[in-house]
Amino acid sequence: MNKTCIIYGSSTGTCQAIAGKIANKLGVADADVYDVANISADTVGGYANILLGTSTWGAGELQDDWYDGLEKLKGADLSGKTVALFGCGDSESYGDTFCAAMGEIYDALKDSGARFVGSVPTDGYNFDDSAAVTDGRFVGLALDDVNEDDKTDARIDAWIENIKDSL
């Protein structure tokens with residue numbers, strides 16, 4: 001696996017915990033896991049692979065720290081890098097915007113020259129709508145650790161299996 005970093009935004013700790021699980025399963029060192037509030041455009045320079053994670057808030061908004069973080073990433077040279085997304089949401093209370101913030105990150109970076117991997121079929125998810133769905137698939141790993149925590153580890157494992165040859 002090429003040099004990989006994980007960047008997450010978390011307000012309650014759920015997305016941070018998911019980032020930690022993913023890092024552990026991929027063998028990514030703690031030093032290569034960043035809170036988006038603490039990154040700069042230079043942070044991603046030495047990495048071939050960038051995994052980006054966010055929770056979704058309100059009516060489908062990014063986690064607060066991602067607004068500045070996304071601007072920093074848009075200023076970075078992402079061409080030739082591999083990007084995979086993961087998002088946390090609440091499919092029962094916010095089924096009409098489930099994991100929508102992941103779609104915001106994708107939309108902001110899709111023309112950056114990076115190669116996106118890790119889309120996930122919507123089969124097995126219970127939600128009404130999501131800005132993170134393109135062509136019938138989530139643009140990354142969608143997780144509902146609030147209502148479906150019993151599915152989180154299996155979904156992470158399947159996603160890692162899907163992306164690991166691309167990293």
# chains A, B, ... in the order shown; residues from 1 in each chain; ligands from 1
$ residues_around --residues "range 141-144 of chain A" --least-positions-apart "3" --cutoff "10 Å" --atoms "only C-alpha atoms" --output "PyMOL selection string"
chain A and resi 14-15+18+53-55+84-92+98-100+102+118-122+125-126+132-133+137-138+147-153+155-156+158-160
$ select_by_dssp --residues "range 10-83 of chain A" --states "alpha helix (DSSP H)" --output "ChimeraX atom specification"
/A:14-26,66-74
$ atom_distance --atom1 "CA of Val33 in chain A" --atom2 "CA of Ala114 in chain A"
19.3 Å
$ atom_distance --atom1 "CA of Asp128 in chain A" --atom2 "CA of Gly69 in chain A"
28.3 Å
$ select_by_dssp --residues "range 72-144 of chain A" --states "strand (DSSP E)" --output "mmCIF file with C-alpha atoms, in the first residue's frame"
data_model
loop_
_atom_site.group_PDB
_atom_site.id
_atom_site.type_symbol
_atom_site.label_atom_id
_atom_site.label_comp_id
_atom_site.auth_asym_id
_atom_site.auth_seq_id
_atom_site.Cartn_x
_atom_site.Cartn_y
_atom_site.Cartn_z
ATOM 1 C CA THR A 82 -6.234 8.366 -4.905
ATOM 2 C CA VAL A 83 -9.117 9.581 -2.743
ATOM 3 C CA ALA A 84 -11.704 7.495 -0.894
ATOM 4 C CA LEU A 85 -14.564 8.974 1.115
ATOM 5 C CA PHE A 86 -16.445 7.827 4.198
ATOM 6 C CA GLY A 87 -19.338 9.489 5.931
ATOM 7 C CA CYS A 88 -21.390 9.170 9.084
ATOM 8 C CA ARG A 115 -8.931 9.440 -8.722
ATOM 9 C CA PHE A 116 -11.901 8.551 -6.543
ATOM 10 C CA VAL A 117 -12.370 4.948 -5.407
ATOM 11 C CA VAL A 120 -20.743 1.691 -2.336
ATOM 12 C CA PRO A 121 -24.092 0.297 -3.551
ATOM 13 C CA VAL A 133 -25.603 9.124 -4.198
ATOM 14 C CA THR A 134 -24.466 9.248 -7.815
ATOM 15 C CA ARG A 137 -24.218 4.354 -5.510
ATOM 16 C CA PHE A 138 -22.861 6.260 -2.542
ATOM 17 C CA LEU A 141 -18.670 4.407 2.532
ATOM 18 C CA ALA A 142 -21.913 5.507 4.221
ATOM 19 C CA LEU A 143 -22.292 4.563 7.876
#
$ closest_residue --among "A:Asp96, A:Asp107, A:Asp145, A:Asp157" --to "Leu70 in chain A" --atoms "only C-alpha atoms"
A:Asp107
$ atom_distance --atom1 "CA of Tyr67 in chain A" --atom2 "CA of Ala17 in chain A"
20.5 Å
$ residues_around --residues "Tyr8 in chain A" --least-positions-apart "2" --cutoff "7 Å" --atoms "only C-alpha atoms" --output "list in words"
Ile6, Ser10, Cys15, Gln16, Ala19, Tyr34, Asp35, Val36, Leu52, Gly53 and Thr54 of chain A
$ residues_around --residues "Asn2 in chain A" --least-positions-apart "3" --cutoff "8 Å" --atoms "only C-alpha atoms" --output "list in words"
Tyr47, Ala48, Asn49 and Leu167 of chain A
$ write_last_selection --atoms "N, CA and C atoms" --output "PDB file, in the first residue's frame"
ATOM      1  N   TYR A  47       1.479  12.229   0.483  1.00  0.00           N
ATOM      2  CA  TYR A  47       0.637  11.025   0.473  1.00  0.00           C
ATOM      3  C   TYR A  47       0.132  10.727  -0.934  1.00  0.00           C
ATOM      4  N   ALA A  48       0.121   9.443  -1.287  1.00  0.00           N
ATOM      5  CA  ALA A  48      -0.462   9.003  -2.550  1.00  0.00           C
ATOM      6  C   ALA A  48      -1.957   8.767  -2.399  1.00  0.00           C
ATOM      7  N   ASN A  49      -2.356   8.365  -1.187  1.00  0.00           N
ATOM      8  CA  ASN A  49      -3.755   8.041  -0.905  1.00  0.00           C
ATOM      9  C   ASN A  49      -4.280   8.931   0.215  1.00  0.00           C
ATOM     10  N   LEU A 167      -5.050   1.259  -3.363  1.00  0.00           N
ATOM     11  CA  LEU A 167      -4.249   2.125  -2.477  1.00  0.00           C
ATOM     12  C   LEU A 167      -2.759   1.828  -2.593  1.00  0.00           C
TER      13      LEU A 167
END
$ closest_residue --among "A:Gly27, A:Ala59, A:Gly75, A:Asp64" --to "Lys164 in chain A" --atoms "only C-alpha atoms"
A:Gly27
$ decode --residues "range 64-98 of chain A" --atoms "N, CA, C and O atoms" --output "tab-separated table (two decimals), in the first residue's frame"
chain	number	residue	atom	x	y	z
A	64	ASP	N	-18.62	21.12	10.83
A	64	ASP	CA	-18.14	22.51	10.85
A	64	ASP	C	-16.69	22.71	10.38
A	64	ASP	O	-16.41	23.63	9.62
A	65	ASP	N	-15.77	21.89	10.84
A	65	ASP	CA	-14.36	22.07	10.50
A	65	ASP	C	-14.05	21.80	9.03
A	65	ASP	O	-13.02	22.23	8.52
A	66	TRP	N	-14.97	21.11	8.35
A	66	TRP	CA	-14.74	20.78	6.95
A	66	TRP	C	-14.86	21.99	6.02
A	66	TRP	O	-14.31	21.98	4.93
A	67	TYR	N	-15.54	23.03	6.43
A	67	TYR	CA	-15.67	24.20	5.55
A	67	TYR	C	-14.29	24.80	5.26
A	67	TYR	O	-13.94	25.03	4.10
A	68	ASP	N	-13.49	25.05	6.30
A	68	ASP	CA	-12.13	25.54	6.10
A	68	ASP	C	-11.24	24.45	5.51
A	68	ASP	O	-10.40	24.71	4.65
A	69	GLY	N	-11.41	23.23	5.99
A	69	GLY	CA	-10.59	22.12	5.52
A	69	GLY	C	-10.75	21.87	4.03
A	69	GLY	O	-9.78	21.60	3.31
A	70	LEU	N	-11.96	21.99	3.55
A	70	LEU	CA	-12.23	21.78	2.13
A	70	LEU	C	-11.55	22.86	1.29
A	70	LEU	O	-10.99	22.57	0.23
A	71	GLU	N	-11.57	24.09	1.77
A	71	GLU	CA	-10.87	25.16	1.06
A	71	GLU	C	-9.37	24.88	1.00
A	71	GLU	O	-8.72	25.14	-0.03
A	72	LYS	N	-8.82	24.37	2.08
A	72	LYS	CA	-7.39	24.02	2.10
A	72	LYS	C	-7.10	22.90	1.10
A	72	LYS	O	-6.11	22.95	0.37
A	73	LEU	N	-7.94	21.89	1.06
A	73	LEU	CA	-7.72	20.79	0.11
A	73	LEU	C	-7.89	21.24	-1.34
A	73	LEU	O	-7.19	20.76	-2.22
A	74	LYS	N	-8.81	22.16	-1.57
A	74	LYS	CA	-8.98	22.68	-2.92
A	74	LYS	C	-7.74	23.45	-3.38
A	74	LYS	O	-7.48	23.56	-4.56
A	75	GLY	N	-6.95	23.95	-2.41
A	75	GLY	CA	-5.71	24.64	-2.73
A	75	GLY	C	-4.51	23.72	-2.84
A	75	GLY	O	-3.42	24.16	-3.19
A	76	ALA	N	-4.70	22.44	-2.57
A	76	ALA	CA	-3.61	21.46	-2.64
A	76	ALA	C	-3.58	20.83	-4.03
A	76	ALA	O	-4.59	20.80	-4.74
A	77	ASP	N	-2.43	20.30	-4.40
A	77	ASP	CA	-2.31	19.57	-5.66
A	77	ASP	C	-2.72	18.12	-5.42
A	77	ASP	O	-1.97	17.35	-4.84
A	78	LEU	N	-3.92	17.78	-5.85
A	78	LEU	CA	-4.43	16.42	-5.66
A	78	LEU	C	-4.30	15.56	-6.91
A	78	LEU	O	-4.67	14.39	-6.90
A	79	SER	N	-3.76	16.12	-7.98
A	79	SER	CA	-3.67	15.37	-9.23
A	79	SER	C	-2.81	14.12	-9.04
A	79	SER	O	-1.75	14.16	-8.42
A	80	GLY	N	-3.34	13.01	-9.53
A	80	GLY	CA	-2.66	11.74	-9.43
A	80	GLY	C	-2.84	11.02	-8.10
A	80	GLY	O	-2.41	9.88	-7.96
A	81	LYS	N	-3.47	11.65	-7.14
A	81	LYS	CA	-3.69	11.01	-5.84
A	81	LYS	C	-4.98	10.18	-5.89
A	81	LYS	O	-5.86	10.44	-6.68
A	82	THR	N	-5.04	9.19	-5.04
A	82	THR	CA	-6.23	8.37	-4.91
A	82	THR	C	-6.99	8.83	-3.67
A	82	THR	O	-6.40	8.96	-2.59
A	83	VAL	N	-8.28	9.09	-3.83
A	83	VAL	CA	-9.12	9.58	-2.74
A	83	VAL	C	-10.27	8.61	-2.53
A	83	VAL	O	-10.90	8.16	-3.48
A	84	ALA	N	-10.54	8.29	-1.27
A	84	ALA	CA	-11.70	7.50	-0.89
A	84	ALA	C	-12.42	8.25	0.22
A	84	ALA	O	-11.79	8.86	1.08
A	85	LEU	N	-13.74	8.22	0.18
A	85	LEU	CA	-14.56	8.97	1.12
A	85	LEU	C	-15.32	8.04	2.06
A	85	LEU	O	-15.73	6.95	1.65
A	86	PHE	N	-15.54	8.51	3.28
A	86	PHE	CA	-16.44	7.83	4.20
A	86	PHE	C	-17.23	8.88	4.95
A	86	PHE	O	-16.76	9.99	5.18
A	87	GLY	N	-18.47	8.53	5.27
A	87	GLY	CA	-19.34	9.49	5.93
A	87	GLY	C	-20.20	8.84	6.99
A	87	GLY	O	-20.58	7.67	6.87
A	88	CYS	N	-20.52	9.62	8.01
A	88	CYS	CA	-21.39	9.17	9.08
A	88	CYS	C	-22.69	9.97	9.03
A	88	CYS	O	-22.67	11.18	8.81
A	89	GLY	N	-23.79	9.29	9.23
A	89	GLY	CA	-25.08	9.95	9.23
A	89	GLY	C	-26.09	9.21	10.08
A	89	GLY	O	-25.78	8.18	10.67
A	90	ASP	N	-27.29	9.73	10.09
A	90	ASP	CA	-28.40	9.16	10.86
A	90	ASP	C	-29.54	8.92	9.88
A	90	ASP	O	-30.25	9.85	9.51
A	91	SER	N	-29.69	7.69	9.44
A	91	SER	CA	-30.67	7.38	8.39
A	91	SER	C	-32.11	7.40	8.89
A	91	SER	O	-33.03	7.52	8.09
A	92	GLU	N	-32.33	7.30	10.19
A	92	GLU	CA	-33.69	7.33	10.71
A	92	GLU	C	-34.20	8.76	10.91
A	92	GLU	O	-35.26	9.11	10.45
A	93	SER	N	-33.43	9.58	11.60
A	93	SER	CA	-33.87	10.95	11.87
A	93	SER	C	-33.65	11.89	10.69
A	93	SER	O	-34.35	12.88	10.55
A	94	TYR	N	-32.64	11.60	9.87
A	94	TYR	CA	-32.30	12.46	8.74
A	94	TYR	C	-32.20	11.64	7.46
A	94	TYR	O	-31.24	11.74	6.70
A	95	GLY	N	-33.24	10.86	7.21
A	95	GLY	CA	-33.26	9.97	6.05
A	95	GLY	C	-33.28	10.69	4.72
A	95	GLY	O	-32.93	10.12	3.69
A	96	ASP	N	-33.66	11.96	4.74
A	96	ASP	CA	-33.71	12.73	3.49
A	96	ASP	C	-32.39	13.41	3.16
A	96	ASP	O	-32.23	13.98	2.07
A	97	THR	N	-31.41	13.36	4.08
A	97	THR	CA	-30.09	13.95	3.83
A	97	THR	C	-28.98	13.02	4.31
A	97	THR	O	-27.88	13.47	4.62
A	98	PHE	N	-29.23	11.74	4.34
A	98	PHE	CA	-28.30	10.76	4.90
A	98	PHE	C	-26.92	10.85	4.24
A	98	PHE	O	-26.79	10.72	3.03
